[in-house]
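Structure below is entry.csv: CSV, C-alpha atoms.
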```csv
chain,number,residue,atom,x,y,z
A,1,MET,CA,41.7,167.0,109.2
A,2,SER,CA,39.0,169.0,110.8
A,3,GLU,CA,38.5,172.8,110.3
A,4,LYS,CA,39.8,173.4,113.8
A,5,GLU,CA,43.2,172.0,112.9
A,6,ASP,CA,43.7,174.3,110.0
A,7,LYS,CA,45.4,176.8,112.3
A,8,GLU,CA,48.1,175.2,114.3
A,9,MET,CA,48.0,176.3,117.9
A,10,PHE,CA,51.6,175.3,118.4
A,11,ALA,CA,53.8,177.1,115.9
A,12,SER,CA,56.8,175.6,114.1
A,13,GLY,CA,60.2,177.0,114.7
A,14,HIS,CA,60.5,175.7,118.2
A,15,ARG,CA,63.9,174.5,119.3
A,16,MET,CA,63.1,170.9,120.3
A,17,CYS,CA,65.5,168.2,119.1
A,18,ALA,CA,64.8,166.4,115.8
A,19,GLY,CA,62.3,163.6,116.6
A,20,CYS,CA,61.2,165.0,120.0
A,21,GLY,CA,58.1,163.3,121.3
A,22,GLU,CA,57.0,166.4,123.1
A,23,GLY,CA,56.6,168.2,119.8
A,24,ILE,CA,54.0,165.6,118.7
A,25,ALA,CA,52.3,165.7,122.0
A,26,MET,CA,52.1,169.5,122.2
A,27,ARG,CA,50.7,169.9,118.6
A,28,THR,CA,48.0,167.3,119.3
A,29,ILE,CA,47.1,168.7,122.7
A,30,LEU,CA,46.9,172.4,121.8
A,31,ASN,CA,45.1,171.7,118.5
A,32,GLU,CA,42.5,169.7,120.5
A,33,ALA,CA,42.2,172.4,123.2
A,34,GLY,CA,41.8,175.2,120.6
A,35,PRO,CA,42.3,178.9,120.9
A,36,ASN,CA,40.1,179.5,123.9
A,37,THR,CA,42.8,178.3,126.3
A,38,ILE,CA,45.1,179.8,128.9
A,39,ALA,CA,48.2,177.9,129.8
A,40,THR,CA,50.9,177.9,132.3
A,41,VAL,CA,54.2,176.1,131.8
A,42,ALA,CA,56.8,175.0,134.3
A,43,THR,CA,60.5,175.1,133.6
A,44,GLY,CA,61.6,172.2,131.5
A,45,CYS,CA,62.4,171.2,127.9
A,46,LEU,CA,59.0,172.5,126.8
A,47,GLU,CA,59.6,175.9,128.3
A,48,VAL,CA,63.2,176.4,127.1
A,49,THR,CA,62.5,175.2,123.6
A,50,THR,CA,59.3,177.1,122.9
A,51,THR,CA,59.8,180.5,124.7
A,52,ALA,CA,63.3,181.7,123.5
A,53,TYR,CA,62.8,185.4,124.1
A,54,PRO,CA,61.6,187.4,122.1
A,55,GLN,CA,59.9,184.5,120.3
A,56,THR,CA,57.2,182.1,121.3
A,57,SER,CA,55.7,179.0,119.8
A,58,TRP,CA,52.4,179.4,121.6
A,59,GLU,CA,49.4,180.8,119.9
A,60,ILE,CA,47.5,181.0,123.2
A,61,PRO,CA,48.1,183.1,126.3
A,62,LEU,CA,50.9,181.6,128.3
A,63,ILE,CA,52.6,182.3,131.5
A,64,HIS,CA,55.9,180.8,132.5
A,65,SER,CA,55.9,180.0,136.2
A,66,ALA,CA,58.7,178.7,138.4
A,67,PHE,CA,59.7,175.1,138.2
A,68,GLU,CA,57.4,174.0,141.1
A,69,ASN,CA,54.2,176.0,140.7
A,70,ALA,CA,52.7,175.6,137.2
A,71,ALA,CA,49.6,174.1,138.8
A,72,SER,CA,49.3,176.8,141.5
A,73,VAL,CA,49.6,179.6,138.9
A,74,ALA,CA,46.9,177.8,136.9
A,75,SER,CA,44.7,177.6,140.0
A,76,GLY,CA,45.1,181.4,140.4
A,77,ILE,CA,44.0,182.0,136.9
A,78,GLU,CA,41.0,179.8,137.4
A,79,VAL,CA,40.0,181.7,140.6
A,80,ALA,CA,40.5,185.1,138.8
A,81,LEU,CA,38.3,184.1,136.0
A,82,LYS,CA,35.7,182.9,138.5
A,83,GLN,CA,35.8,186.3,140.1
A,84,MET,CA,35.3,188.0,136.7
A,85,ASP,CA,32.1,185.8,136.2
A,86,LYS,CA,33.8,184.0,133.4
A,87,LYS,CA,33.7,180.6,135.0
A,88,GLY,CA,34.0,177.6,132.7
A,89,GLU,CA,34.3,179.8,129.5
A,90,THR,CA,37.9,179.2,129.0
A,91,ASN,CA,40.1,176.1,129.2
A,92,ILE,CA,42.9,176.4,131.8
A,93,MET,CA,45.8,174.1,131.4
A,94,SER,CA,49.1,173.7,133.2
A,95,PHE,CA,52.0,172.0,131.4
A,96,ALA,CA,55.0,170.5,133.0
A,97,GLY,CA,57.6,167.8,132.3
A,98,ASP,CA,58.2,164.8,134.5
A,99,GLY,CA,60.5,166.8,136.7
A,100,GLY,CA,58.0,169.5,137.2
A,101,THR,CA,55.2,167.0,137.9
A,102,PHE,CA,56.7,163.9,139.6
A,103,ASP,CA,59.3,165.7,141.8
A,104,ILE,CA,59.5,169.4,142.0
A,105,GLY,CA,55.9,170.4,141.1
A,106,PHE,CA,54.2,167.7,143.0
A,107,GLN,CA,53.1,169.6,146.1
A,108,ALA,CA,51.6,172.4,143.9
A,109,LEU,CA,49.8,169.8,141.8
A,110,SER,CA,48.5,167.9,144.8
A,111,GLY,CA,47.3,171.2,146.2
A,112,MET,CA,45.5,172.1,143.0
A,113,PHE,CA,43.8,168.6,143.0
A,114,GLU,CA,42.8,169.1,146.6
A,115,ARG,CA,41.3,172.5,146.1
A,116,LYS,CA,39.3,171.1,143.1
A,117,HIS,CA,40.3,173.9,140.6
A,118,ASN,CA,39.0,173.3,137.1
A,119,VAL,CA,42.5,172.9,135.6
A,120,THR,CA,43.8,170.3,133.3
A,121,HIS,CA,47.4,169.4,134.1
A,122,ILE,CA,49.4,167.8,131.3
A,123,CYS,CA,52.6,165.9,132.3
A,124,LEU,CA,54.9,165.3,129.4
A,125,ASP,CA,57.0,162.4,130.6
A,126,ASN,CA,60.4,161.8,129.1
A,127,GLU,CA,61.7,160.0,132.1
A,128,ALA,CA,64.5,162.3,133.3
A,129,TYR,CA,65.6,165.9,133.5
A,130,MET,CA,66.5,166.2,129.8
A,131,ASN,CA,66.6,170.0,129.7
A,132,THR,CA,69.6,170.2,132.1
A,133,GLY,CA,71.4,167.2,130.8
A,134,ILE,CA,69.7,163.9,131.5
A,135,GLN,CA,69.6,163.7,135.3
A,136,ARG,CA,67.5,160.9,136.9
A,137,CYS,CA,64.2,161.8,138.5
A,138,SER,CA,61.4,159.7,140.1
A,139,SER,CA,60.0,159.0,136.7
A,140,THR,CA,63.2,157.3,135.4
A,141,PRO,CA,62.6,153.6,135.0
A,142,TYR,CA,64.6,150.8,136.6
A,143,GLY,CA,67.9,150.1,134.8
A,144,ALA,CA,68.1,153.4,132.8
A,145,SER,CA,71.6,155.0,132.7
A,146,THR,CA,71.5,158.7,133.2
A,147,THR,CA,74.2,161.2,134.1
A,148,THR,CA,73.4,161.1,137.8
A,149,SER,CA,72.7,157.3,137.8
A,150,PRO,CA,75.4,156.2,135.4
A,151,ALA,CA,75.8,152.5,134.6
A,152,GLY,CA,79.1,151.0,135.5
A,153,LYS,CA,81.0,148.1,137.1
A,154,PHE,CA,79.0,148.4,140.3
A,155,SER,CA,75.8,150.0,139.1
A,156,ILE,CA,73.1,149.2,136.7
A,157,GLY,CA,72.0,152.8,136.4
A,158,GLU,CA,68.8,153.9,138.1
A,159,ASP,CA,68.0,151.3,140.8
A,160,ARG,CA,64.4,152.3,141.7
A,161,PRO,CA,61.2,151.7,139.8
A,162,LYS,CA,59.1,154.5,138.2
A,163,LYS,CA,56.8,156.4,140.5
A,164,PRO,CA,53.1,155.7,139.6
A,165,LEU,CA,52.1,159.3,139.2
A,166,ALA,CA,48.8,158.8,137.5
A,167,ARG,CA,47.6,156.4,140.1
A,168,ILE,CA,48.7,158.7,142.9
A,169,SER,CA,46.8,161.5,141.2
A,170,ALA,CA,43.7,159.3,140.8
A,171,ALA,CA,43.9,158.7,144.6
A,172,HIS,CA,43.1,162.4,145.0
A,173,ASP,CA,39.5,161.6,144.0
A,174,ILE,CA,39.6,164.0,141.1
A,175,PRO,CA,37.2,163.8,138.1
A,176,TYR,CA,39.6,162.6,135.4
A,177,VAL,CA,43.0,161.0,135.2
A,178,ALA,CA,44.4,159.3,132.1
A,179,THR,CA,47.6,158.0,130.7
A,180,ALA,CA,48.4,158.5,127.0
A,181,THR,CA,51.3,158.2,124.5
A,182,ILE,CA,52.3,160.1,121.4
A,183,ALA,CA,51.8,157.0,119.3
A,184,HIS,CA,48.1,156.8,120.0
A,185,ILE,CA,47.0,160.2,118.6
A,186,LYS,CA,43.2,159.6,118.6
A,187,ASP,CA,43.3,158.2,122.1
A,188,LEU,CA,45.4,161.2,123.2
A,189,LYS,CA,42.9,163.7,121.7
A,190,LYS,CA,40.0,161.9,123.2
A,191,LYS,CA,41.6,162.0,126.7
A,192,VAL,CA,42.5,165.6,126.4
A,193,ARG,CA,39.0,166.5,125.4
A,194,LYS,CA,37.6,164.5,128.3
A,195,ALA,CA,40.0,166.1,130.7
A,196,LEU,CA,39.0,169.6,129.5
A,197,ASP,CA,35.3,168.8,129.7
A,198,ALA,CA,35.6,167.4,133.3
A,199,ASP,CA,34.2,169.7,135.9
A,200,GLY,CA,37.2,169.9,138.2
A,201,PRO,CA,40.9,169.0,138.1
A,202,ALA,CA,42.2,166.5,135.6
A,203,LEU,CA,45.5,165.0,134.7
A,204,VAL,CA,46.8,163.5,131.5
A,205,HIS,CA,50.1,161.8,131.7
A,206,VAL,CA,51.7,161.7,128.3
A,207,PHE,CA,54.5,159.4,127.5
A,208,ALA,CA,56.9,161.2,125.2
A,209,PRO,CA,60.2,159.5,124.1
A,210,CYS,CA,63.3,161.6,124.0
A,211,PRO,CA,65.9,160.7,121.3
A,212,THR,CA,68.7,162.8,123.1
A,213,GLY,CA,68.2,161.4,126.6
A,214,TRP,CA,67.1,157.8,125.8
A,215,ARG,CA,69.8,157.7,123.0
A,216,HIS,CA,67.7,156.2,120.3
A,217,ALA,CA,67.4,157.0,116.6
A,218,SER,CA,65.3,160.2,116.0
A,219,ASN,CA,62.9,158.3,113.8
A,220,ASP,CA,62.1,155.8,116.5
A,221,SER,CA,60.2,158.1,118.9
A,222,VAL,CA,56.7,157.1,117.8
A,223,GLU,CA,57.7,153.4,117.5
A,224,LEU,CA,59.1,153.4,121.0
A,225,ALA,CA,56.0,154.9,122.5
A,226,ARG,CA,54.0,152.2,120.7
A,227,LEU,CA,56.4,149.4,121.9
A,228,ALA,CA,56.1,150.7,125.4
A,229,VAL,CA,52.4,150.1,125.3
A,230,GLU,CA,52.7,146.8,123.5
A,231,THR,CA,55.3,145.4,125.9
A,232,GLY,CA,53.3,146.5,128.9
A,233,VAL,CA,56.0,149.0,130.1
A,234,PHE,CA,53.4,151.8,129.9
A,235,VAL,CA,49.7,151.0,130.4
A,236,LEU,CA,47.0,153.2,128.8
A,237,TRP,CA,44.1,153.7,131.2
A,238,GLU,CA,41.7,156.3,132.4
A,239,ALA,CA,39.9,156.8,135.7
A,240,GLU,CA,36.8,158.9,136.1
A,241,ASP,CA,35.4,160.4,139.3
A,242,GLY,CA,38.2,159.0,141.5
A,243,GLU,CA,37.6,155.4,140.5
A,244,ILE,CA,40.9,153.8,141.3
A,245,CYS,CA,39.9,150.2,141.9
A,246,ASP,CA,38.3,149.5,138.5
A,247,LEU,CA,40.5,151.3,136.0
A,248,ASN,CA,39.3,151.5,132.4
A,249,ILE,CA,42.2,150.1,130.4
A,250,THR,CA,41.8,151.9,127.1
A,251,HIS,CA,44.3,149.8,125.1
A,252,LYS,CA,45.1,146.2,125.8
A,253,PRO,CA,47.8,144.8,123.6
A,254,LYS,CA,46.5,141.5,122.1
A,255,GLU,CA,49.7,139.7,122.8
A,256,ARG,CA,52.3,141.3,125.0
A,257,LYS,CA,55.7,141.6,123.3
A,258,PRO,CA,58.9,140.8,125.2
A,259,VAL,CA,60.3,143.9,127.0
A,260,GLY,CA,63.7,143.3,125.3
A,261,GLU,CA,62.3,144.7,122.1
A,262,TYR,CA,61.6,148.0,123.8
A,263,LEU,CA,64.8,148.1,125.8
A,264,LYS,CA,67.2,147.1,123.0
A,265,LYS,CA,66.3,150.1,120.9
A,266,GLN,CA,67.6,152.5,123.5
A,267,ARG,CA,71.3,153.1,124.5
A,268,ARG,CA,70.3,154.1,128.0
A,269,PHE,CA,69.6,150.4,128.5
A,270,ALA,CA,72.5,149.1,126.5
A,271,HIS,CA,74.4,147.8,129.5
A,272,LEU,CA,71.6,145.5,130.7
A,273,THR,CA,72.4,141.8,130.6
A,274,GLU,CA,69.8,139.1,129.8
A,275,GLU,CA,69.4,138.5,133.5
A,276,HIS,CA,68.5,142.2,134.1
A,277,ILE,CA,66.0,142.1,131.2
A,278,GLU,CA,64.5,138.9,132.7
A,279,LYS,CA,64.1,140.7,136.0
A,280,ILE,CA,62.4,143.7,134.3
A,281,GLN,CA,60.2,141.3,132.4
A,282,LYS,CA,59.1,139.7,135.6
A,283,GLU,CA,58.2,143.0,137.2
A,284,ILE,CA,56.2,144.0,134.1
A,285,ASP,CA,54.4,140.7,134.2
A,286,GLU,CA,53.4,141.4,137.8
A,287,LYS,CA,52.4,144.9,137.0
A,288,CYS,CA,50.2,143.9,134.1
A,289,GLU,CA,48.6,141.2,136.2
A,290,GLN,CA,47.7,144.0,138.7
A,291,TYR,CA,46.1,145.9,135.8
A,292,GLY,CA,44.2,142.8,134.8
A,293,PHE,CA,45.8,141.6,131.5
B,1,MET,CA,72.8,190.5,116.5
B,2,THR,CA,69.7,192.6,116.3
B,3,LYS,CA,68.7,194.7,119.3
B,4,VAL,CA,65.7,193.5,121.1
B,5,LYS,CA,63.5,196.0,123.0
B,6,ILE,CA,62.4,194.4,126.2
B,7,THR,CA,58.8,195.0,127.2
B,8,ILE,CA,57.6,195.6,130.7
B,9,GLY,CA,57.4,192.3,132.5
B,10,GLY,CA,58.9,190.6,129.4
B,11,ILE,CA,55.5,190.3,128.0
B,12,ASN,CA,55.6,188.9,124.5
B,13,LYS,CA,52.6,189.9,122.4
B,14,ASP,CA,53.6,188.2,119.1
B,15,ALA,CA,51.9,184.8,119.4
B,16,GLY,CA,53.6,182.1,117.3
B,17,SER,CA,56.5,184.3,116.5
B,18,SER,CA,59.0,181.3,116.6
B,19,LYS,CA,58.0,180.9,113.0
B,20,GLU,CA,60.6,183.5,112.3
B,21,TYR,CA,63.3,181.0,113.3
B,22,LYS,CA,63.8,178.5,110.5
B,23,THR,CA,64.8,175.2,111.9
B,24,GLY,CA,65.3,173.6,108.5
B,25,GLY,CA,69.0,174.4,108.7
B,26,TRP,CA,69.4,171.7,111.3
B,27,ARG,CA,68.6,169.0,108.8
B,28,THR,CA,70.9,166.3,107.5
B,29,MET,CA,68.3,164.1,105.9
B,30,LYS,CA,65.5,165.4,103.7
B,31,PRO,CA,62.1,163.7,103.3
B,32,GLU,CA,60.6,163.2,99.8
B,33,VAL,CA,57.1,162.0,99.1
B,34,ASP,CA,56.0,159.8,96.2
B,35,VAL,CA,52.7,161.6,95.3
B,36,GLU,CA,51.5,158.5,93.4
B,37,LYS,CA,51.8,156.2,96.5
B,38,CYS,CA,50.4,158.7,99.0
B,39,ILE,CA,46.9,157.7,100.3
B,40,GLN,CA,46.5,160.9,102.4
B,41,CYS,CA,46.0,159.1,105.7
B,42,LEU,CA,47.8,162.1,107.3
B,43,LYS,CA,49.7,159.9,109.8
B,44,CYS,CA,52.8,162.0,108.9
B,45,PHE,CA,50.8,165.2,109.7
B,46,ASP,CA,49.9,163.8,113.1
B,47,TYR,CA,53.3,162.5,113.9
B,48,CYS,CA,55.4,165.5,112.7
B,49,PRO,CA,56.9,167.2,115.8
B,50,ASP,CA,57.6,170.3,113.9
B,51,GLY,CA,54.3,170.9,112.1
B,52,ALA,CA,56.3,170.7,108.8
B,53,VAL,CA,53.8,168.5,106.9
B,54,LYS,CA,51.2,170.3,104.9
B,55,LYS,CA,48.2,168.9,103.1
B,56,THR,CA,47.8,169.4,99.4
B,57,ASP,CA,44.9,168.5,97.2
B,58,ASP,CA,46.2,165.1,96.1
B,59,ALA,CA,49.0,164.3,98.7
B,60,ILE,CA,51.1,166.1,101.2
B,61,GLU,CA,54.1,168.4,101.0
B,62,PHE,CA,56.9,169.3,103.4
B,63,ASP,CA,57.7,172.7,104.7
B,64,LEU,CA,61.4,172.5,104.5
B,65,ASP,CA,61.9,175.8,106.4
B,66,TYR,CA,61.0,173.9,109.6
B,67,CYS,CA,61.6,170.1,108.9
B,68,LYS,CA,64.5,169.0,111.1
B,69,GLY,CA,64.8,165.7,109.2
B,70,CYS,CA,64.0,163.3,112.1
B,71,GLY,CA,62.5,160.7,109.7
B,72,ILE,CA,59.4,159.9,111.8
B,73,CYS,CA,57.2,160.5,108.8
B,74,ALA,CA,59.1,158.0,106.6
B,75,LYS,CA,59.1,155.4,109.3
B,76,GLU,CA,55.4,155.7,110.2
B,77,CYS,CA,54.1,156.0,106.6
B,78,PRO,CA,51.9,152.9,106.1
B,79,VAL,CA,52.5,152.7,102.3
B,80,LYS,CA,56.2,153.8,102.4
B,81,ALA,CA,55.5,156.8,100.2
B,82,ILE,CA,58.1,158.9,102.0
B,83,VAL,CA,61.8,158.3,101.7
B,84,MET,CA,64.7,160.1,103.5
B,85,LYS,CA,67.5,161.3,101.3
B,86,VAL,CA,70.8,162.9,102.3
B,87,GLU,CA,70.5,166.7,102.2
B,88,GLU,CA,72.6,168.3,99.5
B,89,LYS,CA,73.4,171.9,100.0
```

Take the structure in the file and give it back as structure tokens.
Amino acid sequence: MSEKEDKEMFASGHRMCAGCGEGIAMRTILNEAGPNTIATVATGCLEVTTTAYPQTSWEIPLIHSAFENAASVASGIEVALKQMDKKGETNIMSFAGDGGTFDIGFQALSGMFERKHNVTHICLDNEAYMNTGIQRCSSTPYGASTTTSPAGKFSIGEDRPKKPLARISAAHDIPYVATATIAHIKDLKKKVRKALDADGPALVHVFAPCPTGWRHASNDSVELARLAVETGVFVLWEAEDGEICDLNITHKPKERKPVGEYLKKQRRFAHLTEEHIEKIQKEIDEKCEQYGF
Amino acid sequence: MTKVKITIGGINKDAGSSKEYKTGGWRTMKPEVDVEKCIQCLKCFDYCPDGAVKKTDDAIEFDLDYCKGCGICAKECPVKAIVMKVEEK
């Protein structure tokens, strides 16, 4: 534990569920960013659990924006600091969940990338709108049962694949894009540091399991994030300076585990038959081939 | 209910004030560490969502004011020095 970590930048007493992956992600990210940081946060689990008025879990200046504009508000902060001749002195970060990044906040995020603001956007991905009661979003993977894509006699739950957000972001030709999980802490820290040091917009897409929405045991959160990488469901990579053809895969599993191991631990996938799992496995095999392993 | 005085713009100047809210009451399982077995790898510190793991000189200890009893520390401990026990009140 380094000196810097002696003071936690993300205070205890937040109202996240027991075993919440976002808690692990936020502690790691804010401790790495340090006190000289200004953050914006979109509506989502992170906002409702950490800013129950009059309390806050944040040890850094924070502004809660609307659902869609965390990245725009962060852009504004960056420009204001530039006007005050304080360019580059402070880390500016915007935080949003998958709803606030993949769907609702995407135009603001894309605009921030396009205007080349020096802002690091963190997407905490728990694969549905968990805060409002597990509604599907464009991050929800194929086959997952949610309250708005319920599994039943004629439905296998969500019927569309997950949107490749990080690759879409990399296509904006921005200095740094990376994917990370809460199981690979050192990797996550390294990527957050690189994103903050990049001169321009950066995105870190953090995979954070949700015991409530994915319906798994609370002590399985880290294990599931690890399994997602080892089965190839979630690929860890980084892309610097808009390089989207030759991605740097930061963690290649030596031997890919069957995807069933990952799916069977979660009740949102409990309705899947062996045929469905085979189909998902085939899609993952194809995806991993694209990534080159 | 205590009365809360609302500031202009709802600005909250007390950073980290959520510490006033003790989430330990949510717990049904309680972690216990075997100090002899602990190798101080601090995996439990990294993986605690609630910042409830504190480092001591020879091992770690739990801040039971905030521990929600999720059990990630016990599961991730490489030497199985942490066990979860049913909370007795």

Next on the checklist: Distance cut-off 7 Å, counting only C-alpha atoms - which residues of chain A neighbour chain B? Return them as a ChimeraX atom specification.
Outcome noted: /A:11-14,18-21,23-24,54-60,218-220

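Taking CA of Val206 in chain A as the reference point, CA of Ile122 in chain A is found at 7.2 Å.
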
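Atom pair CA of Ala70 in chain A / CA of Ala96 in chain A: separated by 7.0 Å.
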
Item to check | Atomic separation - CA of Glu230 in chain A relative to CA of Met93 in chain A, Å | outcome: 29.2 Å

Could you pull the residues within 12 Å of Ser75 in chain A, counting all atoms listed in the file, minus those fewer than 2 positions along the same chain, as an mmCIF file with C-alpha atoms, in the coordinates of the input?
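Heads up, here's the output in part19.cif:
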```cif
data_model
loop_
_atom_site.group_PDB
_atom_site.id
_atom_site.type_symbol
_atom_site.label_atom_id
_atom_site.label_comp_id
_atom_site.auth_asym_id
_atom_site.auth_seq_id
_atom_site.Cartn_x
_atom_site.Cartn_y
_atom_site.Cartn_z
ATOM 1 C CA ILE A 38 45.100 179.800 128.900
ATOM 2 C CA ALA A 39 48.200 177.900 129.800
ATOM 3 C CA THR A 40 50.900 177.900 132.300
ATOM 4 C CA ASN A 69 54.200 176.000 140.700
ATOM 5 C CA ALA A 70 52.700 175.600 137.200
ATOM 6 C CA ALA A 71 49.600 174.100 138.800
ATOM 7 C CA SER A 72 49.300 176.800 141.500
ATOM 8 C CA VAL A 73 49.600 179.600 138.900
ATOM 9 C CA ILE A 77 44.000 182.000 136.900
ATOM 10 C CA GLU A 78 41.000 179.800 137.400
ATOM 11 C CA VAL A 79 40.000 181.700 140.600
ATOM 12 C CA ALA A 80 40.500 185.100 138.800
ATOM 13 C CA LEU A 81 38.300 184.100 136.000
ATOM 14 C CA LYS A 82 35.700 182.900 138.500
ATOM 15 C CA ASN A 91 40.100 176.100 129.200
ATOM 16 C CA ILE A 92 42.900 176.400 131.800
ATOM 17 C CA MET A 93 45.800 174.100 131.400
ATOM 18 C CA SER A 94 49.100 173.700 133.200
ATOM 19 C CA ALA A 108 51.600 172.400 143.900
ATOM 20 C CA LEU A 109 49.800 169.800 141.800
ATOM 21 C CA SER A 110 48.500 167.900 144.800
ATOM 22 C CA GLY A 111 47.300 171.200 146.200
ATOM 23 C CA MET A 112 45.500 172.100 143.000
ATOM 24 C CA PHE A 113 43.800 168.600 143.000
ATOM 25 C CA GLU A 114 42.800 169.100 146.600
ATOM 26 C CA ARG A 115 41.300 172.500 146.100
ATOM 27 C CA LYS A 116 39.300 171.100 143.100
ATOM 28 C CA HIS A 117 40.300 173.900 140.600
ATOM 29 C CA ASN A 118 39.000 173.300 137.100
ATOM 30 C CA VAL A 119 42.500 172.900 135.600
ATOM 31 C CA THR A 120 43.800 170.300 133.300
ATOM 32 C CA HIS A 121 47.400 169.400 134.100
ATOM 33 C CA GLY A 200 37.200 169.900 138.200
ATOM 34 C CA PRO A 201 40.900 169.000 138.100
#
```

Item to check | Residue with smallest distance to Val222 in chain A - pool A:Met130, A:Ala183, A:Leu236, A:Leu46, counting all atoms listed in the file | outcome: A:Ala183

Next on the checklist: as number ranges by chain, please: the residues near range 27-35 of chain A (cut-off 7 Å, all atoms listed in the file, same-chain neighbours under 3 positions excluded).
Outcome noted: A: 5, 8-10, 23-24, 60, 189, 192-193

Item to check | Neighbour list for Gln281 in chain A as a PyMOL selection string, cut-off 10 Å, all atoms listed in the file, skip fewer than 6 positions in-chain | outcome: chain A and resi 231-233+258-260+275+287

Item to check | Residue among A:Glu238, A:Asp103, A:Asp246, A:Glu289 lying closest to Thr179 in chain A, counting only C-alpha atoms | outcome: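 Checking each candidate against Thr179 in chain A, we get A:Glu238 as the closest.
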
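Checking B:Ile60, B:Ile39, B:Cys44, B:Met29 one by one against Glu87 in chain B, counting all atoms listed in the file, you find the shortest gap at B:Met29.
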
Checklist entry - Which residues, written as a ChimeraX atom specification, have at least one atom at most 7 Å from Pro31 in chain B, with all atoms listed in the file counted and residues fewer than 3 positions away on the same chain left out? => result /B:69,82-85
